[in-house]
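> Okay, here's the structure, questions in a sec.
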Amino acid sequence: MQTYFFELLTACMNCGNPLLINAFTGKITCEHCQKDNYISAKLWRGMVVDSMKEARKYNEGQKHSLKMFSGGYQITLTFGRRKSRCAKCQTMIPDNVYDSFEGGDYKCTQCANVILIRKPDKFVQEIVPDAKYIVAEDSGQLNTNIQGIEIPIAAKPVIFTCPACAANLEIDGTKRMIKCQYCDASVYLPDDLWFELHPARTVDRWYIINNEKEVVTKE
Ligand SMILES: [Zn+2]
Ligand SMILES: [Zn+2]
Ligand SMILES: [Zn+2]
């Protein structure tokens with residue numbers, strides 16, 4: 001068993017804002033413009049498969065960063081070999097978790113942070129056939145592939161003044177394009193308000209646990 005990690009950042013194809021690729025998935029919804037970005041299997045192969053080949057030779061903890069241009073995206077890619085850890089407290093996820101984990105939420109033994117561990121779906125399998133688990137992805141990004149999953153709602157609604165009729169509207173952060181219930185105007189929420197409701201997120205490190213023999217270093 002071998003662990004590889006990835007940190008991927010690109011720009012949204014639609015609006016040019018930063019797009020975090022915090023999940024191994026074919027479609028990522030931009031948090032700025034709410035439009036979808038498609039990341040093909042071919043592009044994933046270029047990002048992940050070659051990196052794994054390269055990182056096989058690395059020592060534990062060794063990593064590499066590069067920029068690549070592919071499929072219309074400019075991608076900043078960091079990859080390397082490091083055992084999977086809790087992003088909050090850096091406690092290692094014990095190897096034996098991967099012997100039989102069914103998939104789902106794993107709780108960090110140290111800080112109780114919830115870490116998503118899942119078995120590869122078809123999309124992943126076709127790109128990395130030996131992948132055993134994908135770890136620490138952003139579950140929100142994965143869920144964009146599934147219909148009916150709720151978007152996290154801001155803790156408390158904020159008041160926003162309708163630019164058309166000046167009525168006070170309650171915004172809960174679920175939708176960026178809203179309809180004023182008084183004058184029926186369609187209002188697109190401005191950046192500062194939207195980002196107050198949805199604080200900017202960072203590039204997450206996520207992992208592929210791969211079924212392969214440990215590399216034996218020749219002395
Ligand atoms: Zn966008
Ligand atoms: Zn932790
Ligand atoms: Zn209005």
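Letters A, B, ... go to the chains of the structure tokens in the order shown; residues in each chain start at 1; ligands are counted from 1 in the same order.
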Enumerate as a list in words the residues within 10 Å of ligand 2, counting only C-alpha atoms and all ligand atoms.
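What falls inside 10 Å of ligand 2 is Arg85, Cys86, Ala87, Lys88, Cys89, Gln90, Thr91, Met92, Ile93, Lys107, Cys108, Thr109, Gln110, Cys111, Ala112, Asn113, Val114 and Ile115 of chain A.
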> Let me see if you get this right: every residue at most 10 Å from ligand 1, counting only C-alpha atoms and all ligand atoms, written as a compact mmCIF listing (two decimals) with C-alpha atoms, in the first residue's frame.

# COMPACT_ATOMS: atom_id res chain seq x y z
CA ALA A 11 -9.01 28.88 -12.51
CA CYS A 12 -12.68 28.61 -13.32
CA MET A 13 -13.26 28.22 -17.05
CA ASN A 14 -16.30 30.50 -16.79
CA CYS A 15 -15.29 33.41 -14.56
CA GLY A 16 -11.53 33.09 -14.10
CA ASN A 17 -11.64 33.03 -10.31
CA PRO A 18 -9.58 30.44 -8.43
CA LEU A 19 -11.01 26.96 -8.61
CA ILE A 28 -16.55 20.89 -10.00
CA THR A 29 -18.95 23.75 -9.44
CA CYS A 30 -17.28 27.14 -9.13
CA GLU A 31 -18.06 28.76 -5.80
CA HIS A 32 -17.82 32.20 -7.40
CA CYS A 33 -20.10 31.91 -10.45
CA GLN A 34 -21.91 28.64 -9.61
CA LYS A 35 -21.11 27.25 -13.04
CA ASP A 36 -19.68 23.81 -13.62
CA ASN A 37 -16.14 23.06 -14.66
> Kindly compile the residues surrounding ligand 3 within 6 Å, counting only C-alpha atoms and all ligand atoms, and format them as a PyMOL selection string.
chain A and resi 162+164-165+167+180+182-183+185
> Which residue is closest to Pro120 in chain A? Choose from A:Tyr207, A:Met1, A:Thr76, A:Asn59 and count only C-alpha atoms.
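Closest to Pro120 in chain A of all the choices is A:Tyr207.
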> Would you please work out which residue, of A:Gln181, A:Thr78, A:Ser65, A:Leu142, is nearest to Asn168 in chain A when using only C-alpha atoms?
A:Gln181
> So the first atom is CA of Tyr58 in chain A and the second is CA of Ile75 in chain A; what is the distance between them in Å, to one decimal place?
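Atom-to-atom, CA of Tyr58 in chain A to CA of Ile75 in chain A, that is 21.8 Å.
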> What's the separation between CA of Tyr106 in chain A and CA of Ser51 in chain A, in Å to one decimal place?
26.3 Å
> Counting only C-alpha atoms, what is within 12 Å of Lys53 in chain A, bar same-chain residues fewer than 4 positions away, as a ChimeraX atom specification?
/A:2,4,45-49,57-58,79-81,128,210,212,215
> Do a neighbour search on Ile208 in chain A at 7 Å with only C-alpha atoms, toss out local chain neighbours closer than 5 positions, and write the hits as a list in words.
Thr3, Tyr4, Phe5, Ala131, Tyr133, Ile134 and Val135 of chain A
> Can you spit out the residues from that selection as a tab-separated table (two decimals), in the first residue's frame, using C-alpha atoms?

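Saved result, part.tsv, follows:
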chain	number	residue	atom	x	y	z
A	3	THR	CA	-0.06	6.84	-0.21
A	4	TYR	CA	0.12	9.79	-2.56
A	5	PHE	CA	-1.18	13.25	-1.85
A	131	ALA	CA	-6.70	2.92	-6.02
A	133	TYR	CA	-9.36	4.60	-1.10
A	134	ILE	CA	-9.60	8.32	-1.77
A	135	VAL	CA	-9.12	10.28	1.43
